[in-house]
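Q: Please find query-v4.csv (CSV, C-alpha atoms) on the next line:
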chain,number,residue,atom,x,y,z
A,1,MET,CA,26.4,-11.0,-37.6
A,2,VAL,CA,25.5,-11.4,-34.0
A,3,SER,CA,24.4,-7.8,-33.7
A,4,THR,CA,22.2,-8.1,-36.8
A,5,PHE,CA,20.5,-11.2,-35.3
A,6,GLU,CA,20.1,-9.4,-32.0
A,7,GLN,CA,18.4,-6.5,-33.8
A,8,ARG,CA,16.0,-8.8,-35.7
A,9,ARG,CA,15.2,-10.6,-32.4
A,10,ARG,CA,14.3,-7.3,-30.7
A,11,ARG,CA,12.2,-6.1,-33.6
A,12,THR,CA,10.3,-9.4,-33.6
A,13,GLY,CA,9.8,-9.1,-29.8
A,14,LEU,CA,8.5,-5.5,-30.2
A,15,PHE,CA,6.1,-6.7,-33.0
A,16,PHE,CA,4.5,-9.3,-30.8
A,17,VAL,CA,4.4,-7.0,-27.8
A,18,ALA,CA,2.9,-4.1,-29.8
A,19,PRO,CA,-0.8,-5.2,-29.5
A,20,ALA,CA,-0.5,-5.5,-25.7
A,21,LEU,CA,1.1,-2.1,-25.6
A,22,VAL,CA,-1.8,-0.6,-27.6
A,23,VAL,CA,-4.4,-2.2,-25.3
A,24,LEU,CA,-2.5,-0.9,-22.2
A,25,ALA,CA,-2.3,2.6,-23.7
A,26,ALA,CA,-6.1,2.5,-24.3
A,27,ILE,CA,-6.9,1.2,-20.8
A,28,LEU,CA,-4.3,3.2,-18.8
A,29,LEU,CA,-2.9,6.1,-20.8
A,30,TYR,CA,-6.1,7.6,-21.9
A,31,PRO,CA,-7.7,7.8,-18.4
A,32,ILE,CA,-4.5,9.3,-17.0
A,33,VAL,CA,-4.3,12.0,-19.7
A,34,ASP,CA,-8.1,12.7,-19.4
A,35,SER,CA,-7.7,13.0,-15.6
A,36,ILE,CA,-4.9,15.5,-16.0
A,37,LEU,CA,-7.0,17.6,-18.5
A,38,LEU,CA,-10.0,17.4,-16.1
A,39,ALA,CA,-7.8,18.8,-13.3
A,40,LEU,CA,-7.2,21.9,-15.4
A,41,GLN,CA,-10.9,22.6,-15.7
A,42,ARG,CA,-13.8,23.6,-13.5
A,43,VAL,CA,-16.2,20.8,-14.1
A,44,GLN,CA,-19.4,20.7,-12.1
A,45,LEU,CA,-22.7,18.9,-12.3
A,46,ALA,CA,-25.7,21.1,-11.7
A,47,GLY,CA,-29.3,20.8,-12.8
A,48,GLY,CA,-28.6,17.7,-14.9
A,49,ALA,CA,-26.0,19.6,-17.0
A,50,VAL,CA,-22.2,19.5,-17.0
A,51,THR,CA,-20.4,22.8,-17.0
A,52,GLN,CA,-16.8,22.9,-18.1
A,53,GLU,CA,-14.4,25.9,-18.0
A,54,TRP,CA,-10.6,26.0,-18.5
A,55,ILE,CA,-9.0,27.5,-15.4
A,56,GLY,CA,-5.4,26.2,-15.8
A,57,LEU,CA,-3.7,25.4,-12.5
A,58,SER,CA,-6.3,27.0,-10.3
A,59,ASN,CA,-7.5,23.7,-8.9
A,60,PHE,CA,-3.9,22.9,-7.8
A,61,GLU,CA,-3.6,26.4,-6.3
A,62,ARG,CA,-6.8,25.7,-4.4
A,63,LEU,CA,-5.2,22.6,-2.9
A,64,PHE,CA,-2.6,24.7,-1.0
A,65,ALA,CA,-5.3,26.9,0.5
A,66,ASP,CA,-7.7,24.1,1.4
A,67,PRO,CA,-7.4,23.1,5.1
A,68,VAL,CA,-9.4,19.9,4.5
A,69,PHE,CA,-6.8,18.8,1.9
A,70,TRP,CA,-3.9,19.5,4.3
A,71,LYS,CA,-5.7,17.6,7.1
A,72,ALA,CA,-6.2,14.6,4.7
A,73,ALA,CA,-2.5,14.9,3.7
A,74,ARG,CA,-1.4,14.8,7.4
A,75,ASN,CA,-3.8,11.8,8.0
A,76,THR,CA,-2.4,10.0,5.0
A,77,ALA,CA,1.3,10.7,6.0
A,78,TYR,CA,0.6,9.4,9.5
A,79,PHE,CA,-1.3,6.4,8.2
A,80,SER,CA,1.3,5.5,5.6
A,81,VAL,CA,4.3,5.9,7.8
A,82,MET,CA,2.8,3.9,10.7
A,83,GLU,CA,1.4,1.3,8.5
A,84,VAL,CA,4.6,0.7,6.6
A,85,VAL,CA,6.7,0.5,9.8
A,86,LEU,CA,4.3,-1.9,11.6
A,87,VAL,CA,3.8,-4.1,8.6
A,88,THR,CA,7.5,-4.3,7.9
A,89,PHE,CA,8.5,-5.2,11.5
A,90,ILE,CA,5.7,-7.6,12.1
A,91,SER,CA,6.1,-9.3,8.7
A,92,LEU,CA,9.9,-9.7,9.4
A,93,GLY,CA,9.1,-11.3,12.7
A,94,VAL,CA,6.5,-13.6,11.2
A,95,ALA,CA,8.9,-14.6,8.4
A,96,LEU,CA,11.6,-15.5,11.0
A,97,LEU,CA,9.2,-17.7,12.9
A,98,LEU,CA,8.0,-19.4,9.7
A,99,ASN,CA,11.7,-20.0,8.7
A,100,HIS,CA,12.4,-21.7,12.0
A,101,PRO,CA,12.4,-25.5,11.8
A,102,LYS,CA,9.4,-25.7,14.1
A,103,GLY,CA,7.5,-23.2,12.0
A,104,ARG,CA,7.9,-24.7,8.6
A,105,SER,CA,4.6,-26.6,8.7
A,106,GLY,CA,2.3,-25.8,5.8
A,107,PHE,CA,-0.6,-25.3,8.3
A,108,PHE,CA,1.0,-22.1,9.6
A,109,ARG,CA,1.4,-20.7,6.1
A,110,ILE,CA,-2.2,-21.5,5.2
A,111,LEU,CA,-3.3,-19.9,8.5
A,112,LEU,CA,-1.2,-16.8,7.7
A,113,ILE,CA,-2.6,-16.3,4.3
A,114,VAL,CA,-6.3,-16.3,5.4
A,115,PRO,CA,-6.5,-12.5,6.2
A,116,TRP,CA,-4.9,-11.7,2.8
A,117,ALA,CA,-7.3,-14.0,0.9
A,118,ILE,CA,-10.4,-12.2,2.2
A,119,ALA,CA,-11.8,-9.7,-0.2
A,120,PRO,CA,-11.0,-6.1,0.9
A,121,VAL,CA,-14.7,-5.0,1.4
A,122,ALA,CA,-15.5,-8.2,3.1
A,123,ASN,CA,-12.6,-7.7,5.4
A,124,ALA,CA,-13.8,-4.2,6.2
A,125,VAL,CA,-17.4,-5.4,6.9
A,126,LEU,CA,-16.0,-8.2,9.2
A,127,TRP,CA,-14.1,-5.6,11.2
A,128,LYS,CA,-17.1,-3.3,11.3
A,129,TRP,CA,-19.0,-6.0,13.2
A,130,ILE,CA,-16.0,-6.9,15.4
A,131,LEU,CA,-15.7,-3.2,16.5
A,132,HIS,CA,-19.5,-2.6,16.7
A,133,ALA,CA,-20.3,-0.6,19.9
A,134,ASN,CA,-23.4,-2.7,20.8
A,135,TYR,CA,-22.8,-6.2,19.3
A,136,GLY,CA,-19.1,-6.3,18.6
A,137,VAL,CA,-17.0,-9.3,19.6
A,138,LEU,CA,-14.2,-7.1,20.8
A,139,ASN,CA,-16.4,-5.4,23.5
A,140,GLY,CA,-17.8,-8.8,24.5
A,141,ILE,CA,-14.3,-10.4,25.0
A,142,LEU,CA,-12.9,-7.4,26.9
A,143,LYS,CA,-16.0,-7.3,29.2
A,144,VAL,CA,-15.7,-11.0,30.0
A,145,LEU,CA,-12.0,-10.5,30.8
A,146,GLY,CA,-12.8,-7.6,33.0
A,147,VAL,CA,-10.7,-5.1,31.0
A,148,ILE,CA,-13.7,-2.8,30.4
A,149,ASP,CA,-16.9,-2.2,32.4
A,150,SER,CA,-19.1,-1.0,29.5
A,151,ASN,CA,-19.2,-1.1,25.8
A,152,GLN,CA,-16.8,1.2,24.0
A,153,VAL,CA,-17.4,3.1,20.8
A,154,TRP,CA,-14.0,2.2,19.2
A,155,LEU,CA,-14.6,4.3,16.1
A,156,GLY,CA,-16.1,7.2,18.0
A,157,THR,CA,-13.0,9.3,18.7
A,158,PRO,CA,-10.4,10.7,16.2
A,159,PHE,CA,-7.4,8.9,17.9
A,160,SER,CA,-9.0,5.5,18.2
A,161,ALA,CA,-10.7,5.6,14.8
A,162,MET,CA,-7.5,6.3,13.0
A,163,ASN,CA,-5.5,3.7,14.9
A,164,PHE,CA,-8.1,1.0,14.5
A,165,LEU,CA,-8.0,1.6,10.8
A,166,LEU,CA,-4.3,1.0,11.1
A,167,ILE,CA,-4.8,-2.2,13.0
A,168,VAL,CA,-7.3,-3.5,10.4
A,169,ASP,CA,-5.0,-2.6,7.4
A,170,VAL,CA,-1.9,-4.1,9.1
A,171,TRP,CA,-3.9,-7.3,9.8
A,172,LYS,CA,-4.8,-7.5,6.1
A,173,SER,CA,-1.3,-6.6,4.8
A,174,VAL,CA,1.1,-8.6,6.9
A,175,PRO,CA,0.5,-12.0,5.2
A,176,PHE,CA,1.7,-11.0,1.8
A,177,VAL,CA,4.8,-9.1,3.0
A,178,ALA,CA,5.6,-11.9,5.4
A,179,LEU,CA,5.7,-14.4,2.6
A,180,LEU,CA,7.8,-12.0,0.5
A,181,MET,CA,10.3,-11.8,3.3
A,182,LEU,CA,10.2,-15.5,3.9
A,183,ALA,CA,11.2,-16.0,0.3
A,184,GLY,CA,14.1,-13.6,0.9
A,185,LEU,CA,15.1,-15.4,4.1
A,186,GLN,CA,15.3,-18.7,2.3
A,187,ARG,CA,17.7,-17.3,-0.2
A,188,VAL,CA,20.3,-16.4,2.5
A,189,PRO,CA,23.1,-18.9,2.0
A,190,GLN,CA,23.5,-21.2,5.0
A,191,SER,CA,27.3,-21.0,4.6
A,192,LEU,CA,27.2,-17.4,5.8
A,193,TYR,CA,25.5,-18.5,9.1
A,194,ARG,CA,28.1,-21.2,9.5
A,195,ALA,CA,31.0,-18.8,8.9
A,196,ALA,CA,29.4,-16.4,11.4
A,197,TYR,CA,29.1,-19.2,14.0
A,198,VAL,CA,32.7,-20.2,13.5
A,199,ASP,CA,33.7,-16.5,14.1
A,200,GLY,CA,31.8,-16.6,17.4
A,201,ALA,CA,28.6,-14.7,16.4
A,202,GLY,CA,25.5,-15.5,18.4
A,203,PRO,CA,21.9,-15.5,17.0
A,204,TRP,CA,21.5,-11.7,17.4
A,205,SER,CA,24.8,-10.9,15.8
A,206,SER,CA,24.0,-13.3,12.9
A,207,PHE,CA,20.7,-11.5,12.4
A,208,LEU,CA,22.3,-8.1,12.4
A,209,HIS,CA,25.3,-8.8,10.3
A,210,VAL,CA,24.1,-11.7,8.0
A,211,THR,CA,20.3,-11.7,7.7
A,212,LEU,CA,19.5,-8.0,7.5
A,213,PRO,CA,22.3,-7.1,5.0
A,214,THR,CA,21.4,-10.0,2.8
A,215,MET,CA,17.7,-9.1,2.9
A,216,ARG,CA,18.2,-5.4,2.3
A,217,GLY,CA,16.9,-5.5,-1.2
A,218,VAL,CA,13.8,-7.5,-0.2
A,219,ILE,CA,13.0,-5.2,2.7
A,220,ALA,CA,13.4,-2.1,0.4
A,221,ILE,CA,11.0,-3.6,-2.1
A,222,ALA,CA,8.5,-4.5,0.6
A,223,ILE,CA,8.7,-0.9,2.0
A,224,VAL,CA,8.1,0.7,-1.4
A,225,LEU,CA,5.2,-1.7,-2.3
A,226,GLN,CA,3.5,-1.2,1.1
A,227,THR,CA,3.8,2.5,0.8
A,228,ILE,CA,2.1,2.4,-2.6
A,229,TRP,CA,-0.7,0.2,-1.2
A,230,SER,CA,-1.1,2.5,1.8
A,231,LEU,CA,-1.8,5.5,-0.4
A,232,ARG,CA,-4.5,3.5,-2.2
A,233,VAL,CA,-6.5,2.6,0.9
A,234,PHE,CA,-10.2,3.5,0.4
A,235,ASP,CA,-12.5,0.5,1.2
A,236,LEU,CA,-11.6,0.6,5.0
A,237,VAL,CA,-12.4,4.3,5.3
A,238,PHE,CA,-15.6,4.0,3.2
A,239,VAL,CA,-17.0,1.0,5.2
A,240,LEU,CA,-15.8,1.7,8.7
A,241,THR,CA,-15.8,5.5,9.3
A,242,ARG,CA,-16.7,7.4,6.1
A,243,GLY,CA,-13.9,9.8,7.0
A,244,GLY,CA,-15.3,10.6,10.5
A,245,PRO,CA,-15.3,11.5,13.2
A,246,ALA,CA,-14.7,15.2,12.3
A,247,ASP,CA,-12.6,14.2,9.2
A,248,ALA,CA,-10.2,12.4,11.5
A,249,THR,CA,-9.9,9.5,9.1
A,250,VAL,CA,-10.2,11.2,5.8
A,251,LEU,CA,-7.3,10.1,3.6
A,252,LEU,CA,-6.4,11.6,0.3
A,253,ASN,CA,-7.9,8.7,-1.7
A,254,PHE,CA,-11.2,9.1,0.2
A,255,LEU,CA,-11.1,12.9,-0.1
A,256,ALA,CA,-10.8,12.6,-3.9
A,257,TYR,CA,-13.9,10.3,-3.9
A,258,ARG,CA,-15.9,12.6,-1.7
A,259,VAL,CA,-15.1,15.8,-3.6
A,260,THR,CA,-15.9,14.1,-6.9
A,261,PHE,CA,-19.0,12.0,-6.2
A,262,ASN,CA,-20.5,13.7,-3.2
A,263,PHE,CA,-19.8,17.3,-3.9
A,264,LEU,CA,-19.8,16.8,-7.7
A,265,ASP,CA,-16.7,19.0,-8.2
A,266,LEU,CA,-15.0,16.8,-10.8
A,267,GLY,CA,-12.1,19.2,-11.6
A,268,TYR,CA,-11.0,19.6,-8.0
A,269,GLY,CA,-11.4,15.9,-7.3
A,270,ALA,CA,-9.3,15.1,-10.4
A,271,ALA,CA,-6.6,17.5,-9.0
A,272,ILE,CA,-6.5,15.6,-5.7
A,273,ALA,CA,-6.4,12.3,-7.6
A,274,ASN,CA,-3.4,13.5,-9.6
A,275,VAL,CA,-1.5,14.4,-6.5
A,276,ILE,CA,-2.0,10.7,-5.4
A,277,PHE,CA,-1.0,9.6,-8.8
A,278,ALA,CA,2.2,11.6,-8.8
A,279,LEU,CA,3.2,10.2,-5.4
A,280,THR,CA,2.4,6.6,-6.5
A,281,PHE,CA,4.3,7.1,-9.8
A,282,LEU,CA,7.4,8.2,-7.9
A,283,LEU,CA,7.2,5.2,-5.6
A,284,ALA,CA,6.6,2.9,-8.6
A,285,ALA,CA,9.7,4.4,-10.3
A,286,ALA,CA,11.7,3.6,-7.1
A,287,TYR,CA,10.4,0.1,-7.2
A,288,VAL,CA,11.5,-0.4,-10.8
A,289,TRP,CA,14.9,1.0,-10.0
A,290,LEU,CA,15.3,-1.5,-7.1
A,291,LEU,CA,14.4,-4.4,-9.4
A,292,TRP,CA,16.5,-3.2,-12.3
A,293,PRO,CA,19.3,-5.8,-13.0
A,294,ARG,CA,22.7,-4.4,-12.4
A,295,GLU,CA,26.2,-5.6,-13.1
A,296,PRO,CA,28.2,-6.6,-10.1
A,297,LYS,CA,30.7,-4.0,-8.9
A,298,GLY,CA,34.0,-4.3,-10.7
A,299,ALA,CA,32.4,-6.1,-13.7
A,300,ARG,CA,33.0,-4.9,-17.2
Before we go any further, please render this structure as structure tokens.
A:
Amino acid sequence: MVSTFEQRRRRTGLFFVAPALVVLAAILLYPIVDSILLALQRVQLAGGAVTQEWIGLSNFERLFADPVFWKAARNTAYFSVMEVVLVTFISLGVALLLNHPKGRSGFFRILLIVPWAIAPVANAVLWKWILHANYGVLNGILKVLGVIDSNQVWLGTPFSAMNFLLIVDVWKSVPFVALLMLAGLQRVPQSLYRAAYVDGAGPWSSFLHVTLPTMRGVIAIAIVLQTIWSLRVFDLVFVLTRGGPADATVLLNFLAYRVTFNFLDLGYGAAIANVIFALTFLLAAAYVWLLWPREPKGAR
């Protein structure tokens, strides 16, 4: 009787969810399938006409022989790893400060969320003016402090351009991850800290043996989410550097855009986009796995 009722309940739920699934399939599934099919063709725009030719996996084979693709892949790997590490550590530090009795004022949380609330393109334009070689605020402040004697072109060398992109993206990303970790910190039972104190543990030992193990799931989710978002960075590159200087800041997302819309090589651009999609899909699967409810060990 119970099983029959449960089956009817599930069928009713599927019936009500079905329209949303159809809409999602139309909005998401069709573009994904079309992009995969596009990656298996040579599609080019020339003379106002579209030429299409099935070439199988040739676009993907071309990726492995393309030095620009590998440079973009290395740039993306560096950017993603550094961005995730910096955002995770800074966010954890900010969350610890906000969880301290002196940091629990709502003013600090409002102040923290301001960078995250700014629209991505507006954020990029804001930093473009801050880093401007002639009129930038950063040059002005550093000259007043005596740190530099003349204006610096912060986005003019490969090393500084990539690392300033990192700084800008970290500034934008830290607020959300910090609030996520703050929520995780506030779920740590105070009884664990009291027990650690009774056992003679100091603040550092309590952090290592109580806080970090309890927040392991939250930190893992933050790392996976931030990795996904780092692979999707486009607006900062487009506004600040356009991939320069000398392709030093070309990330995979921007390369897919440039090949598709500047070089009008739609098939090859779709192949690059599908590589990004595959990486994002694997990370999304890891995120779902982390969130999937599990029975406690030993439960039957």
Q: Do a neighbour search on region 86-92 of chain A at 7 Å with all atoms listed in the file, toss out local chain neighbours closer than 3 positions, and write the hits as an NGL selection string.
A: :A and (82-83 or 95-96 or 170 or 173-174 or 177-178 or 181 or 223)
Q: Give me, please, the distance in Å between CA of Val153 (chain A) and CA of Leu131 (chain A), quoted to one decimal.
A: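 Separation between CA of Val153 (chain A) and CA of Leu131 (chain A): 7.8 Å.
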Q: Could you give me, as a VMD selection string, the residues within 10 Å of region 264-280 of chain A, counting only C-alpha atoms and dropping anything in the same chain fewer than 4 positions from it?
A: chain A and resid 32 34 to 46 50 52 to 55 57 to 63 69 224 to 225 227 to 232 252 to 260 284 to 286
Q: Keeping only C-alpha atoms, write those residues as a compact mmCIF listing (two decimals), in the coordinates of the input.
A:
# COMPACT_ATOMS: atom_id res chain seq x y z
CA ILE A 32 -4.50 9.30 -17.00
CA ASP A 34 -8.10 12.70 -19.40
CA SER A 35 -7.70 13.00 -15.60
CA ILE A 36 -4.90 15.50 -16.00
CA LEU A 37 -7.00 17.60 -18.50
CA LEU A 38 -10.00 17.40 -16.10
CA ALA A 39 -7.80 18.80 -13.30
CA LEU A 40 -7.20 21.90 -15.40
CA GLN A 41 -10.90 22.60 -15.70
CA ARG A 42 -13.80 23.60 -13.50
CA VAL A 43 -16.20 20.80 -14.10
CA GLN A 44 -19.40 20.70 -12.10
CA LEU A 45 -22.70 18.90 -12.30
CA ALA A 46 -25.70 21.10 -11.70
CA VAL A 50 -22.20 19.50 -17.00
CA GLN A 52 -16.80 22.90 -18.10
CA GLU A 53 -14.40 25.90 -18.00
CA TRP A 54 -10.60 26.00 -18.50
CA ILE A 55 -9.00 27.50 -15.40
CA LEU A 57 -3.70 25.40 -12.50
CA SER A 58 -6.30 27.00 -10.30
CA ASN A 59 -7.50 23.70 -8.90
CA PHE A 60 -3.90 22.90 -7.80
CA GLU A 61 -3.60 26.40 -6.30
CA ARG A 62 -6.80 25.70 -4.40
CA LEU A 63 -5.20 22.60 -2.90
CA PHE A 69 -6.80 18.80 1.90
CA VAL A 224 8.10 0.70 -1.40
CA LEU A 225 5.20 -1.70 -2.30
CA THR A 227 3.80 2.50 0.80
CA ILE A 228 2.10 2.40 -2.60
CA TRP A 229 -0.70 0.20 -1.20
CA SER A 230 -1.10 2.50 1.80
CA LEU A 231 -1.80 5.50 -0.40
CA ARG A 232 -4.50 3.50 -2.20
CA LEU A 252 -6.40 11.60 0.30
CA ASN A 253 -7.90 8.70 -1.70
CA PHE A 254 -11.20 9.10 0.20
CA LEU A 255 -11.10 12.90 -0.10
CA ALA A 256 -10.80 12.60 -3.90
CA TYR A 257 -13.90 10.30 -3.90
CA ARG A 258 -15.90 12.60 -1.70
CA VAL A 259 -15.10 15.80 -3.60
CA THR A 260 -15.90 14.10 -6.90
CA ALA A 284 6.60 2.90 -8.60
CA ALA A 285 9.70 4.40 -10.30
CA ALA A 286 11.70 3.60 -7.10
Q: Which of these residues is nearest to Asn123 (chain A), using all atoms listed in the file: A:Leu212, A:Leu165, A:Ala222, A:Leu290?
A: A:Leu165
Q: Grab the CA of Tyr135 (chain A) to CA of Phe159 (chain A) distance for me, in Å with one decimal place.
A: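 Here the two named atoms are 21.6 Å from each other.
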Q: By how many Å are CA of Leu111 (chain A) and CA of Val168 (chain A) apart?
A: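 Atom-to-atom, CA of Leu111 (chain A) to CA of Val168 (chain A), that is 17.0 Å.
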Q: Which of these, A:Trp292, A:Gly47, A:Thr241, A:Ala73, has the shortest distance to Ser160 (chain A) once you count all atoms listed in the file?
A: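 Of A:Trp292, A:Gly47, A:Thr241, A:Ala73, the one nearest Ser160 (chain A) is A:Thr241, counting all atoms listed in the file.
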Q: With N, CA, C and O atoms as the target, complete region 51-62 of chain A and hand it back as a PDB file, in the coordinates of the input.
A:
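selection-v1.pdb written:
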ATOM      1  N   THR A  51     -21.054  21.566 -16.636  1.00  0.00           N
ATOM      2  CA  THR A  51     -20.400  22.800 -17.000  1.00  0.00           C
ATOM      3  C   THR A  51     -18.908  22.659 -16.969  1.00  0.00           C
ATOM      4  O   THR A  51     -18.372  22.142 -15.986  1.00  0.00           O
ATOM      5  N   GLN A  52     -18.216  23.069 -18.025  1.00  0.00           N
ATOM      6  CA  GLN A  52     -16.800  22.900 -18.100  1.00  0.00           C
ATOM      7  C   GLN A  52     -16.154  24.299 -18.443  1.00  0.00           C
ATOM      8  O   GLN A  52     -16.635  24.997 -19.338  1.00  0.00           O
ATOM      9  N   GLU A  53     -15.083  24.628 -17.734  1.00  0.00           N
ATOM     10  CA  GLU A  53     -14.400  25.900 -18.000  1.00  0.00           C
ATOM     11  C   GLU A  53     -12.917  25.710 -17.686  1.00  0.00           C
ATOM     12  O   GLU A  53     -12.534  25.218 -16.622  1.00  0.00           O
ATOM     13  N   TRP A  54     -12.079  26.087 -18.656  1.00  0.00           N
ATOM     14  CA  TRP A  54     -10.600  26.000 -18.500  1.00  0.00           C
ATOM     15  C   TRP A  54     -10.149  26.994 -17.468  1.00  0.00           C
ATOM     16  O   TRP A  54     -10.382  28.189 -17.634  1.00  0.00           O
ATOM     17  N   ILE A  55      -9.457  26.533 -16.443  1.00  0.00           N
ATOM     18  CA  ILE A  55      -9.000  27.500 -15.400  1.00  0.00           C
ATOM     19  C   ILE A  55      -7.489  27.240 -15.104  1.00  0.00           C
ATOM     20  O   ILE A  55      -6.961  27.778 -14.124  1.00  0.00           O
ATOM     21  N   GLY A  56      -6.808  26.452 -15.934  1.00  0.00           N
ATOM     22  CA  GLY A  56      -5.400  26.200 -15.800  1.00  0.00           C
ATOM     23  C   GLY A  56      -5.052  25.509 -14.459  1.00  0.00           C
ATOM     24  O   GLY A  56      -5.643  24.475 -14.150  1.00  0.00           O
ATOM     25  N   LEU A  57      -4.139  26.077 -13.691  1.00  0.00           N
ATOM     26  CA  LEU A  57      -3.700  25.400 -12.500  1.00  0.00           C
ATOM     27  C   LEU A  57      -4.434  25.871 -11.217  1.00  0.00           C
ATOM     28  O   LEU A  57      -3.981  25.631 -10.090  1.00  0.00           O
ATOM     29  N   SER A  58      -5.588  26.477 -11.420  1.00  0.00           N
ATOM     30  CA  SER A  58      -6.300  27.000 -10.300  1.00  0.00           C
ATOM     31  C   SER A  58      -6.751  25.922  -9.286  1.00  0.00           C
ATOM     32  O   SER A  58      -6.769  26.153  -8.072  1.00  0.00           O
ATOM     33  N   ASN A  59      -7.088  24.745  -9.795  1.00  0.00           N
ATOM     34  CA  ASN A  59      -7.500  23.700  -8.900  1.00  0.00           C
ATOM     35  C   ASN A  59      -6.305  23.245  -7.992  1.00  0.00           C
ATOM     36  O   ASN A  59      -6.496  22.929  -6.809  1.00  0.00           O
ATOM     37  N   PHE A  60      -5.088  23.252  -8.565  1.00  0.00           N
ATOM     38  CA  PHE A  60      -3.900  22.900  -7.800  1.00  0.00           C
ATOM     39  C   PHE A  60      -3.561  24.009  -6.787  1.00  0.00           C
ATOM     40  O   PHE A  60      -3.101  23.734  -5.674  1.00  0.00           O
ATOM     41  N   GLU A  61      -3.779  25.270  -7.193  1.00  0.00           N
ATOM     42  CA  GLU A  61      -3.600  26.400  -6.300  1.00  0.00           C
ATOM     43  C   GLU A  61      -4.578  26.304  -5.112  1.00  0.00           C
ATOM     44  O   GLU A  61      -4.248  26.627  -3.961  1.00  0.00           O
ATOM     45  N   ARG A  62      -5.777  25.853  -5.431  1.00  0.00           N
ATOM     46  CA  ARG A  62      -6.800  25.700  -4.400  1.00  0.00           C
ATOM     47  C   ARG A  62      -6.437  24.677  -3.366  1.00  0.00           C
ATOM     48  O   ARG A  62      -6.797  24.805  -2.184  1.00  0.00           O
TER      49      ARG A  62
END
